[in-house]
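What follows is a single structure, written as structure tokens, with notes after it.
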Amino acid sequence: MVKICCIGAGYVGGPTMAVIALKCPSVEVAVVDISAPRINAWNSDQLPIYEPGLDEVVKQCRGKNLFFSVDVEKHVSEADIVFVSVNTPTKTQGLGAGKAADLTYWESAARMIADVSKSDKIVVEKSTVPVKTAEAIEKILTHNSKGINFQILSNPEFLAEGTAINDLYNPDRVLIGGRETPEGQKAIKALKDVYAHWVPEERIICTNLWSAELSKLAANAFLAQRISSVNAMSALCEATGADVTQVSHAVGKDTRIGPKFLNASVGFGGSCFQKDILNLVYICECNGLPEVAHYWKQVIKVNDYQKTRFVNRVVSSMFNTVSGKKVAILGFAFKKDTGDTRETPAIDVCKGLLGDKAKLSIYDPQVTEEQIQKDLSMKKFDWDHPTHLQPTSPTAIKSLQVVWDAYEATKDAHAICIMTEWDEFKSLDYQRIYDNMQKPAFLFDGRNIVDVEKLRGIGFIVYSIGKPLDQWLKDMPAVA
Ligand code: NAD
Ligand code: UGA
């Protein structure tokens with residue numbers, strides 16, 4: 001029986017290993033983590049992450065060929081294949097701060113593997129890492145190997161949150177990079193055999209290590225670039241009377257461009273797009289390619305511009321101040337069908353509104369009050385910005401309440417901001433909501449999910465990203 005151990009029981013490690021266990025009954029899978037609360041949650045009925053379909057997969061395999069444990073060393077030493085799926089955040093201090101990937105967690109995992117191993121192992125990079133990381137990992141492992149043979153593979157993950165289980169069942173491709181030596185090719189085959197239990201062979205792409213590592217960063221950069229491209233167009237649409245949904249549809253019909261990832265929004269969020277592009281920018285700079293670095297940096301800049309533009313639009317439409325006004329925030333997660341709030345655009349929008357002294361009432365079906373308070377208190381980019389650009393202060397945080405119902409959040413509100421495209425926000429009783437709001441009642445749709453004409457018919461003043469403006473908004477232009 002092949003034994004797999006995955007270090008890191010997070011959004012990637014948990015679902016990926018659960019699906020491997022489900023699809024490969026002959027493989028024993030252990031998922032280990034240094035965080036005891038996380039492992040306890042994986043062993044309970046309340047899994048640590050919300051992901052449609054995940055509960056069923058875990059329930060089917062847990063205790064049979066899928067185990068969650070804090071005994072990292074035992075499971076690593078027993079495994080034939082060790083996946084490393086630890087977090088690789090952006091460095092916040094020292095060389096490359098604000099851009100480079102922080103590989104502290106990766107390095108400590110690699111040193112631990114070298115320490116506890118007693119037999120040959122395949123070590124798989126599952127985390128997203130800078131190109132050439134495998135070389136560094138190889139050095140750590142071989143310098144501490146005690147004669148043990150380690151083969152390093154790069155097998156980046158392409159799942160998206162909210163659709164992780166389906167993405168894992170039907171991946172567009174599985175990418176495996178390895179050394180072009182006989183031992184490297186043998187390791188590639190061993191990992192390929194695992195995926196071949198359910199992934200058609202033509203979808204398993206095998207490359208050299210550096211291509212696999214770089215392809216992951218490139219894929220995320222290309223995806224984020226599409227969103228920034230359409231978001232840049234959304235600003236032009238508002239200025240000209242074009243409708244961004246119509247433009248996206250027309251552009252996406254070109255089979256060379258394709259229809260996906262062309263939804264204009266208040267900005268992309270999530271734990272990876274920003275960090276991976278910053279990392280790419282840093283790698284370009286380190287390789288003496290400032291023009292290439294500058295090109296990709298713009299994707300982030302447009303994303304920041306889009307969030308700022310949204311806040312400015314809200315404030316300018318409401319007579320240039322939201323001070324003391326109740327603003328309902330519908331949705332806080334970075335996208336629907338997840339409770340994940342990492343880098344969610346809602347954080348920047350809420351901070352912007354709190355900076356203008358709004359009173360926020362926030363509702364998200366999957367995010368707790370504790371998480372929201374934490375996200376809004378964190379001065380994440382303090383190190384990068386002068387303090388006067390960080391509007392959130394402890395007193396501002398007191399100006400928010402978190403409620404468990406959209407009707408409660410919008411009651412007596414002056415305005416609504418839709419931050420996440422949860423399906424339930426499409427079918428709310430907007431007449432009832434309008435009746436219970438202050439007038440004029442504003443609705444700012446950061447996800448283009450409401451029926452603008454219907455809501456204008458009810459009486460709302462509606463702003464929807466990249467859509468033709470109504471007269472009120474035209475009369476109160478947002479200051480850039
Ligand atoms: P996460 O923060 O949810 O999980 C990482 C886990 O690793 C944490 O539970 C942490 O406690 C654990 N960990 C850290 N160091 C450890 C150590 N030395 N030993 C044992 N456990 C350790 O992160 P994630 O979202 O699962 O992302 C993991 C990697 O996968 C990142 O590189 C990310 O870029 C990449 N990725 C993420 C997604 C996604 O949708 N979240 C998709 C594709 C790729
Ligand atoms: C993204 C990629 O889609 C995955 O392939 C990748 O594995 C993952 O990053 C990663 O490396 O972490 P994820 O961030 O989970 O997945 O979710 P996406 O569906 O890509 O959405 C990212 C953000 O872009 C969300 O805030 C979403 O609302 C926004 N988005 C997406 C738009 O604004 N418009 C779109 O058309 C699509």
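Chain labels follow the order of the structure tokens: the first chain is A, the next B, and so on; residue numbering restarts at 1 in every chain, and ligands are counted from 1 in their shown order.
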
field: Close residues, stretch 152-168 of chain A itself excluded, 6 Å, only C-alpha atoms, min 5 positions apart in chain, as a ChimeraX atom specification
entry: /A:51,122-126,175-178,209,337-338

Include N, CA, C and O atoms and write out the residues we just selected as a PDB file, in the first residue's frame.
```pdb
ATOM      1  N   GLU A  51     -16.543  24.300   2.234  1.00  0.00           N
ATOM      2  CA  GLU A  51     -16.323  24.035   0.812  1.00  0.00           C
ATOM      3  C   GLU A  51     -17.429  23.070   0.368  1.00  0.00           C
ATOM      4  O   GLU A  51     -17.538  21.963   0.920  1.00  0.00           O
ATOM      5  N   ILE A 122       9.686  10.601  -2.078  1.00  0.00           N
ATOM      6  CA  ILE A 122       9.390  11.609  -3.100  1.00  0.00           C
ATOM      7  C   ILE A 122       8.785  12.789  -2.341  1.00  0.00           C
ATOM      8  O   ILE A 122       7.817  12.610  -1.589  1.00  0.00           O
ATOM      9  N   VAL A 123       9.373  13.967  -2.513  1.00  0.00           N
ATOM     10  CA  VAL A 123       8.844  15.156  -1.827  1.00  0.00           C
ATOM     11  C   VAL A 123       8.192  16.051  -2.892  1.00  0.00           C
ATOM     12  O   VAL A 123       8.825  16.419  -3.881  1.00  0.00           O
ATOM     13  N   VAL A 124       6.918  16.349  -2.675  1.00  0.00           N
ATOM     14  CA  VAL A 124       6.146  17.056  -3.702  1.00  0.00           C
ATOM     15  C   VAL A 124       5.823  18.480  -3.246  1.00  0.00           C
ATOM     16  O   VAL A 124       5.198  18.673  -2.200  1.00  0.00           O
ATOM     17  N   GLU A 125       6.225  19.445  -4.044  1.00  0.00           N
ATOM     18  CA  GLU A 125       5.836  20.840  -3.776  1.00  0.00           C
ATOM     19  C   GLU A 125       4.391  21.003  -4.209  1.00  0.00           C
ATOM     20  O   GLU A 125       4.094  20.995  -5.406  1.00  0.00           O
ATOM     21  N   LYS A 126       3.506  21.162  -3.242  1.00  0.00           N
ATOM     22  CA  LYS A 126       2.101  21.424  -3.564  1.00  0.00           C
ATOM     23  C   LYS A 126       1.821  22.918  -3.396  1.00  0.00           C
ATOM     24  O   LYS A 126       1.029  23.506  -4.124  1.00  0.00           O
ATOM     25  N   LEU A 175      -0.367  19.025 -13.257  1.00  0.00           N
ATOM     26  CA  LEU A 175       0.970  19.357 -13.736  1.00  0.00           C
ATOM     27  C   LEU A 175       2.006  18.737 -12.806  1.00  0.00           C
ATOM     28  O   LEU A 175       1.950  18.941 -11.581  1.00  0.00           O
ATOM     29  N   ILE A 176       2.923  17.976 -13.396  1.00  0.00           N
ATOM     30  CA  ILE A 176       3.987  17.369 -12.580  1.00  0.00           C
ATOM     31  C   ILE A 176       5.336  17.698 -13.211  1.00  0.00           C
ATOM     32  O   ILE A 176       5.590  17.367 -14.371  1.00  0.00           O
ATOM     33  N   GLY A 177       6.175  18.377 -12.432  1.00  0.00           N
ATOM     34  CA  GLY A 177       7.521  18.705 -12.914  1.00  0.00           C
ATOM     35  C   GLY A 177       8.546  17.934 -12.115  1.00  0.00           C
ATOM     36  O   GLY A 177       8.397  17.763 -10.900  1.00  0.00           O
ATOM     37  N   GLY A 178       9.573  17.441 -12.796  1.00  0.00           N
ATOM     38  CA  GLY A 178      10.621  16.706 -12.078  1.00  0.00           C
ATOM     39  C   GLY A 178      11.945  16.806 -12.803  1.00  0.00           C
ATOM     40  O   GLY A 178      12.040  17.386 -13.892  1.00  0.00           O
ATOM     41  N   LEU A 209      11.196  20.766 -13.733  1.00  0.00           N
ATOM     42  CA  LEU A 209      10.793  21.384 -12.454  1.00  0.00           C
ATOM     43  C   LEU A 209      10.466  22.865 -12.585  1.00  0.00           C
ATOM     44  O   LEU A 209       9.465  23.347 -12.050  1.00  0.00           O
ATOM     45  N   ASP A 337     -19.593  30.989  -1.782  1.00  0.00           N
ATOM     46  CA  ASP A 337     -19.360  29.579  -1.466  1.00  0.00           C
ATOM     47  C   ASP A 337     -18.050  29.296  -0.752  1.00  0.00           C
ATOM     48  O   ASP A 337     -17.475  28.211  -0.870  1.00  0.00           O
ATOM     49  N   THR A 338     -17.556  30.293  -0.051  1.00  0.00           N
ATOM     50  CA  THR A 338     -16.412  30.067   0.831  1.00  0.00           C
ATOM     51  C   THR A 338     -16.558  31.000   2.031  1.00  0.00           C
ATOM     52  O   THR A 338     -17.217  32.045   1.929  1.00  0.00           O
TER      53      THR A 338
END
```

task: Kindly work out which residues sit at most 7 Å from ligand 2, using only C-alpha atoms and all ligand atoms, and give the list as a PyMOL selection string.
output: chain A and resi 128+157-162+220+223-224+227+260-273+334-335+344

- line: Pairwise distance, atom CA of A:Asp429 with atom CA of A:Ala328, equals 15.2 Å

- request: Within 8 Å of ligand 1, which residues show up when you count only C-alpha atoms and all ligand atoms? List them as number ranges by chain, please.
  value: A: 7-14, 32-35, 38, 72, 85-89, 105-109, 112, 126-129, 156-161, 164, 270-272, 275-276

- prompt: Which neighbours of stretch 233-242 of chain A fall inside 8 Å, counting only C-alpha atoms, when residues of the same chain fewer than 5 positions from it are skipped, and could you give them as JSON, numbers by chain?
  reply: {"A": [247, 264, 465, 466, 467, 468, 469]}

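Residues of stretch 290-357 of chain A that DSSP places in strand (DSSP E or B), based on the backbone of this structure, are A:Lys326, A:Val327, A:Ala328, A:Ile329, A:Leu330.
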
Residue subset to file, keeping all heavy atoms, as a PDB file, in the first residue's frame:
```
ATOM      1  N   LYS A 326     -25.674  54.721   8.359  1.00  0.00           N
ATOM      2  CA  LYS A 326     -25.582  53.259   8.417  1.00  0.00           C
ATOM      3  C   LYS A 326     -25.431  52.708   6.994  1.00  0.00           C
ATOM      4  O   LYS A 326     -26.258  52.987   6.122  1.00  0.00           O
ATOM      5  CB  LYS A 326     -26.838  52.686   9.092  1.00  0.00           C
ATOM      6  CG  LYS A 326     -26.857  51.148   9.095  1.00  0.00           C
ATOM      7  CD  LYS A 326     -28.016  50.572   9.902  1.00  0.00           C
ATOM      8  CE  LYS A 326     -28.090  49.070   9.741  1.00  0.00           C
ATOM      9  NZ  LYS A 326     -29.163  48.424  10.500  1.00  0.00           N
ATOM     10  N   VAL A 327     -24.382  51.957   6.791  1.00  0.00           N
ATOM     11  CA  VAL A 327     -24.167  51.316   5.484  1.00  0.00           C
ATOM     12  C   VAL A 327     -24.180  49.802   5.703  1.00  0.00           C
ATOM     13  O   VAL A 327     -23.410  49.275   6.525  1.00  0.00           O
ATOM     14  CB  VAL A 327     -22.824  51.751   4.854  1.00  0.00           C
ATOM     15  CG1 VAL A 327     -22.614  51.056   3.505  1.00  0.00           C
ATOM     16  CG2 VAL A 327     -22.775  53.271   4.681  1.00  0.00           C
ATOM     17  N   ALA A 328     -25.067  49.111   4.997  1.00  0.00           N
ATOM     18  CA  ALA A 328     -25.134  47.644   5.106  1.00  0.00           C
ATOM     19  C   ALA A 328     -24.138  47.036   4.130  1.00  0.00           C
ATOM     20  O   ALA A 328     -24.101  47.409   2.954  1.00  0.00           O
ATOM     21  CB  ALA A 328     -26.538  47.171   4.774  1.00  0.00           C
ATOM     22  N   ILE A 329     -23.331  46.118   4.650  1.00  0.00           N
ATOM     23  CA  ILE A 329     -22.361  45.420   3.795  1.00  0.00           C
ATOM     24  C   ILE A 329     -22.885  43.997   3.617  1.00  0.00           C
ATOM     25  O   ILE A 329     -22.943  43.222   4.584  1.00  0.00           O
ATOM     26  CB  ILE A 329     -20.963  45.380   4.460  1.00  0.00           C
ATOM     27  CG1 ILE A 329     -20.469  46.790   4.804  1.00  0.00           C
ATOM     28  CG2 ILE A 329     -19.963  44.634   3.592  1.00  0.00           C
ATOM     29  CD1 ILE A 329     -20.120  47.674   3.629  1.00  0.00           C
ATOM     30  N   LEU A 330     -23.284  43.658   2.406  1.00  0.00           N
ATOM     31  CA  LEU A 330     -23.770  42.299   2.158  1.00  0.00           C
ATOM     32  C   LEU A 330     -22.644  41.471   1.544  1.00  0.00           C
ATOM     33  O   LEU A 330     -22.223  41.707   0.417  1.00  0.00           O
ATOM     34  CB  LEU A 330     -24.999  42.324   1.236  1.00  0.00           C
ATOM     35  CG  LEU A 330     -26.228  43.044   1.797  1.00  0.00           C
ATOM     36  CD1 LEU A 330     -27.452  42.820   0.903  1.00  0.00           C
ATOM     37  CD2 LEU A 330     -26.558  42.603   3.224  1.00  0.00           C
TER      38      LEU A 330
END
```

- prompt: Where does DSSP see helix (DSSP H, G or I) in stretch 74-302 of chain A, if you list the residues as a PyMOL selection string?
  reply: chain A and resi 74-78+104-116+133-143+164-169+182-195+201-203+209-240+244-252+273-286+290-302

Would you save the residues of that selection, restricted to C-alpha atoms, as a compact mmCIF listing (two decimals), in the first residue's frame?
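out06.txt, written as the output of this step:
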```txt
# COMPACT_ATOMS: atom_id res chain seq x y z
CA LYS A 74 5.59 9.79 12.57
CA HIS A 75 3.53 10.16 9.39
CA VAL A 76 6.33 11.83 7.45
CA SER A 77 8.81 9.11 8.37
CA GLU A 78 6.39 6.36 7.29
CA THR A 104 10.00 30.01 6.42
CA TYR A 105 7.25 27.40 6.73
CA TRP A 106 8.49 25.53 3.67
CA GLU A 107 12.06 25.48 4.89
CA SER A 108 11.13 24.23 8.35
CA ALA A 109 9.00 21.48 6.77
CA ALA A 110 11.93 20.47 4.52
CA ARG A 111 14.37 20.36 7.46
CA MET A 112 11.93 18.26 9.43
CA ILE A 113 11.54 15.80 6.52
CA ALA A 114 15.34 15.46 6.36
CA ASP A 115 15.51 14.95 10.13
CA VAL A 116 12.91 12.23 10.51
CA THR A 133 12.49 26.65 -4.94
CA ALA A 134 12.97 22.96 -5.68
CA GLU A 135 16.69 23.60 -6.01
CA ALA A 136 16.83 25.10 -2.52
CA ILE A 137 14.71 22.29 -1.08
CA GLU A 138 16.92 19.71 -2.77
CA LYS A 139 19.96 21.29 -1.12
CA ILE A 140 18.39 21.18 2.34
CA LEU A 141 17.36 17.57 1.88
CA THR A 142 20.54 16.24 0.32
CA HIS A 143 22.87 18.05 2.77
CA ALA A 164 -12.54 22.88 -4.99
CA ILE A 165 -14.13 19.44 -4.98
CA ASN A 166 -15.35 19.66 -8.54
CA ASP A 167 -12.01 21.14 -9.65
CA LEU A 168 -10.23 18.20 -8.03
CA TYR A 169 -12.60 15.64 -9.58
CA PRO A 182 16.08 8.38 -14.65
CA GLU A 183 15.33 8.77 -10.90
CA GLY A 184 13.40 11.99 -11.57
CA GLN A 185 11.36 10.33 -14.30
CA LYS A 186 10.63 7.36 -12.02
CA ALA A 187 9.33 9.73 -9.34
CA ILE A 188 7.14 11.52 -11.90
CA LYS A 189 5.66 8.16 -12.90
CA ALA A 190 4.92 7.24 -9.26
CA LEU A 191 2.93 10.46 -8.75
CA LYS A 192 1.29 10.15 -12.15
CA ASP A 193 0.06 6.68 -11.13
CA VAL A 194 -1.75 8.23 -8.15
CA TYR A 195 -3.63 10.80 -10.29
CA GLU A 201 -3.77 10.48 -18.98
CA GLU A 202 -3.86 13.23 -21.60
CA ARG A 203 -4.64 15.74 -18.85
CA LEU A 209 10.79 21.38 -12.45
CA TRP A 210 11.17 25.04 -13.37
CA SER A 211 8.40 24.99 -15.96
CA ALA A 212 5.99 23.48 -13.44
CA GLU A 213 6.87 26.02 -10.75
CA LEU A 214 6.64 28.97 -13.12
CA SER A 215 3.43 27.75 -14.81
CA LYS A 216 1.57 28.07 -11.51
CA LEU A 217 2.62 31.69 -11.01
CA ALA A 218 1.93 32.41 -14.68
CA ALA A 219 -1.57 30.87 -14.55
CA ASN A 220 -2.57 32.99 -11.55
CA ALA A 221 -1.06 36.10 -13.13
CA PHE A 222 -2.99 35.51 -16.38
CA LEU A 223 -6.27 34.95 -14.50
CA ALA A 224 -5.84 38.07 -12.37
CA GLN A 225 -4.81 40.04 -15.45
CA ARG A 226 -8.14 39.23 -17.13
CA ILE A 227 -10.02 40.60 -14.12
CA SER A 228 -7.94 43.77 -14.02
CA SER A 229 -8.44 44.17 -17.77
CA VAL A 230 -12.22 43.96 -17.49
CA ASN A 231 -12.21 46.14 -14.38
CA ALA A 232 -10.20 48.80 -16.23
CA MET A 233 -12.85 48.62 -18.97
CA SER A 234 -15.59 48.99 -16.34
CA ALA A 235 -14.29 52.48 -15.45
CA LEU A 236 -14.35 53.44 -19.13
CA CYS A 237 -17.84 51.99 -19.50
CA GLU A 238 -19.12 54.22 -16.69
CA ALA A 239 -17.53 57.25 -18.33
CA THR A 240 -18.99 56.53 -21.76
CA VAL A 244 -19.42 46.22 -19.13
CA THR A 245 -21.54 43.05 -19.16
CA GLN A 246 -22.32 43.59 -22.82
CA VAL A 247 -18.69 44.39 -23.59
CA SER A 248 -17.48 41.23 -21.75
CA HIS A 249 -20.02 39.13 -23.57
CA ALA A 250 -19.03 40.50 -26.97
CA VAL A 251 -15.30 40.21 -26.26
CA GLY A 252 -15.57 36.74 -24.70
CA PHE A 273 -3.58 36.31 -6.78
CA GLN A 274 -1.95 39.30 -5.12
CA LYS A 275 0.76 37.35 -3.34
CA ASP A 276 1.65 35.30 -6.41
CA ILE A 277 1.86 38.32 -8.70
CA LEU A 278 3.98 40.22 -6.15
CA ASN A 279 6.20 37.17 -6.03
CA LEU A 280 6.40 37.09 -9.83
CA VAL A 281 7.28 40.78 -9.87
CA TYR A 282 10.07 40.15 -7.37
CA ILE A 283 11.46 37.24 -9.37
CA CYS A 284 11.50 39.42 -12.51
CA GLU A 285 13.32 42.19 -10.65
CA CYS A 286 15.85 39.71 -9.26
CA PRO A 290 12.33 45.56 -14.62
CA GLU A 291 10.03 46.08 -17.65
CA VAL A 292 8.45 42.66 -17.15
CA ALA A 293 8.10 43.36 -13.42
CA HIS A 294 6.44 46.70 -14.16
CA TYR A 295 4.01 45.07 -16.59
CA TRP A 296 2.68 42.60 -13.98
CA LYS A 297 2.66 45.18 -11.18
CA GLN A 298 -0.04 47.05 -13.09
CA VAL A 299 -2.45 44.14 -12.52
CA ILE A 300 -2.27 44.81 -8.78
CA LYS A 301 -2.41 48.57 -9.24
CA VAL A 302 -5.63 48.37 -11.26
```

field: Exercise: stretch 405-416 of chain A partners within 7 Å, only C-alpha atoms, chain neighbours under 3 positions left out, as a PyMOL selection string
entry: chain A and resi 325-330+361-363+433+436-439+441-444

Restricting the output to N, CA, C and O atoms, write the selected residues as a compact mmCIF listing (two decimals), in the first residue's frame.
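For reference, again.txt as written:
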```
# COMPACT_ATOMS: atom_id res chain seq x y z
N LYS A 325 -23.68 57.62 8.94
CA LYS A 325 -24.73 56.93 8.18
C LYS A 325 -24.54 55.42 8.28
O LYS A 325 -23.41 54.92 8.25
N LYS A 326 -25.67 54.72 8.36
CA LYS A 326 -25.58 53.26 8.42
C LYS A 326 -25.43 52.71 6.99
O LYS A 326 -26.26 52.99 6.12
N VAL A 327 -24.38 51.96 6.79
CA VAL A 327 -24.17 51.32 5.48
C VAL A 327 -24.18 49.80 5.70
O VAL A 327 -23.41 49.28 6.52
N ALA A 328 -25.07 49.11 5.00
CA ALA A 328 -25.13 47.64 5.11
C ALA A 328 -24.14 47.04 4.13
O ALA A 328 -24.10 47.41 2.95
N ILE A 329 -23.33 46.12 4.65
CA ILE A 329 -22.36 45.42 3.80
C ILE A 329 -22.89 44.00 3.62
O ILE A 329 -22.94 43.22 4.58
N LEU A 330 -23.28 43.66 2.41
CA LEU A 330 -23.77 42.30 2.16
C LEU A 330 -22.64 41.47 1.54
O LEU A 330 -22.22 41.71 0.42
N SER A 361 -23.01 47.75 9.04
CA SER A 361 -23.73 46.58 9.51
C SER A 361 -23.47 45.47 8.49
O SER A 361 -23.86 45.59 7.33
N ILE A 362 -22.74 44.46 8.92
CA ILE A 362 -22.20 43.48 7.97
C ILE A 362 -22.91 42.14 8.11
O ILE A 362 -23.14 41.65 9.22
N TYR A 363 -23.25 41.55 6.96
CA TYR A 363 -23.82 40.20 6.98
C TYR A 363 -23.13 39.35 5.92
O TYR A 363 -23.05 39.75 4.76
N ILE A 433 -36.86 45.51 1.66
CA ILE A 433 -35.63 46.17 2.11
C ILE A 433 -35.74 47.68 1.91
O ILE A 433 -35.43 48.47 2.81
N ASN A 436 -37.81 49.58 4.39
CA ASN A 436 -37.23 49.72 5.74
C ASN A 436 -35.95 50.56 5.78
O ASN A 436 -35.28 50.62 6.80
N MET A 437 -35.60 51.17 4.63
CA MET A 437 -34.35 51.96 4.60
C MET A 437 -34.62 53.46 4.69
O MET A 437 -35.73 53.91 4.47
N GLN A 438 -33.58 54.22 5.02
CA GLN A 438 -33.64 55.68 4.95
C GLN A 438 -33.72 56.09 3.48
O GLN A 438 -33.23 55.36 2.61
N LYS A 439 -34.30 57.25 3.20
CA LYS A 439 -34.39 57.69 1.81
C LYS A 439 -33.56 58.98 1.62
O LYS A 439 -33.53 59.81 2.52
N ALA A 441 -32.59 55.89 -0.82
CA ALA A 441 -31.96 54.59 -0.52
C ALA A 441 -30.99 54.25 -1.64
O ALA A 441 -31.37 54.22 -2.80
N PHE A 442 -29.74 54.01 -1.25
CA PHE A 442 -28.69 53.73 -2.24
C PHE A 442 -28.32 52.25 -2.24
O PHE A 442 -28.28 51.63 -1.17
N LEU A 443 -28.04 51.73 -3.41
CA LEU A 443 -27.50 50.37 -3.48
C LEU A 443 -26.29 50.37 -4.42
O LEU A 443 -26.40 50.80 -5.57
N PHE A 444 -25.15 49.94 -3.90
CA PHE A 444 -23.92 49.89 -4.69
C PHE A 444 -23.56 48.42 -4.87
O PHE A 444 -23.22 47.74 -3.90
```
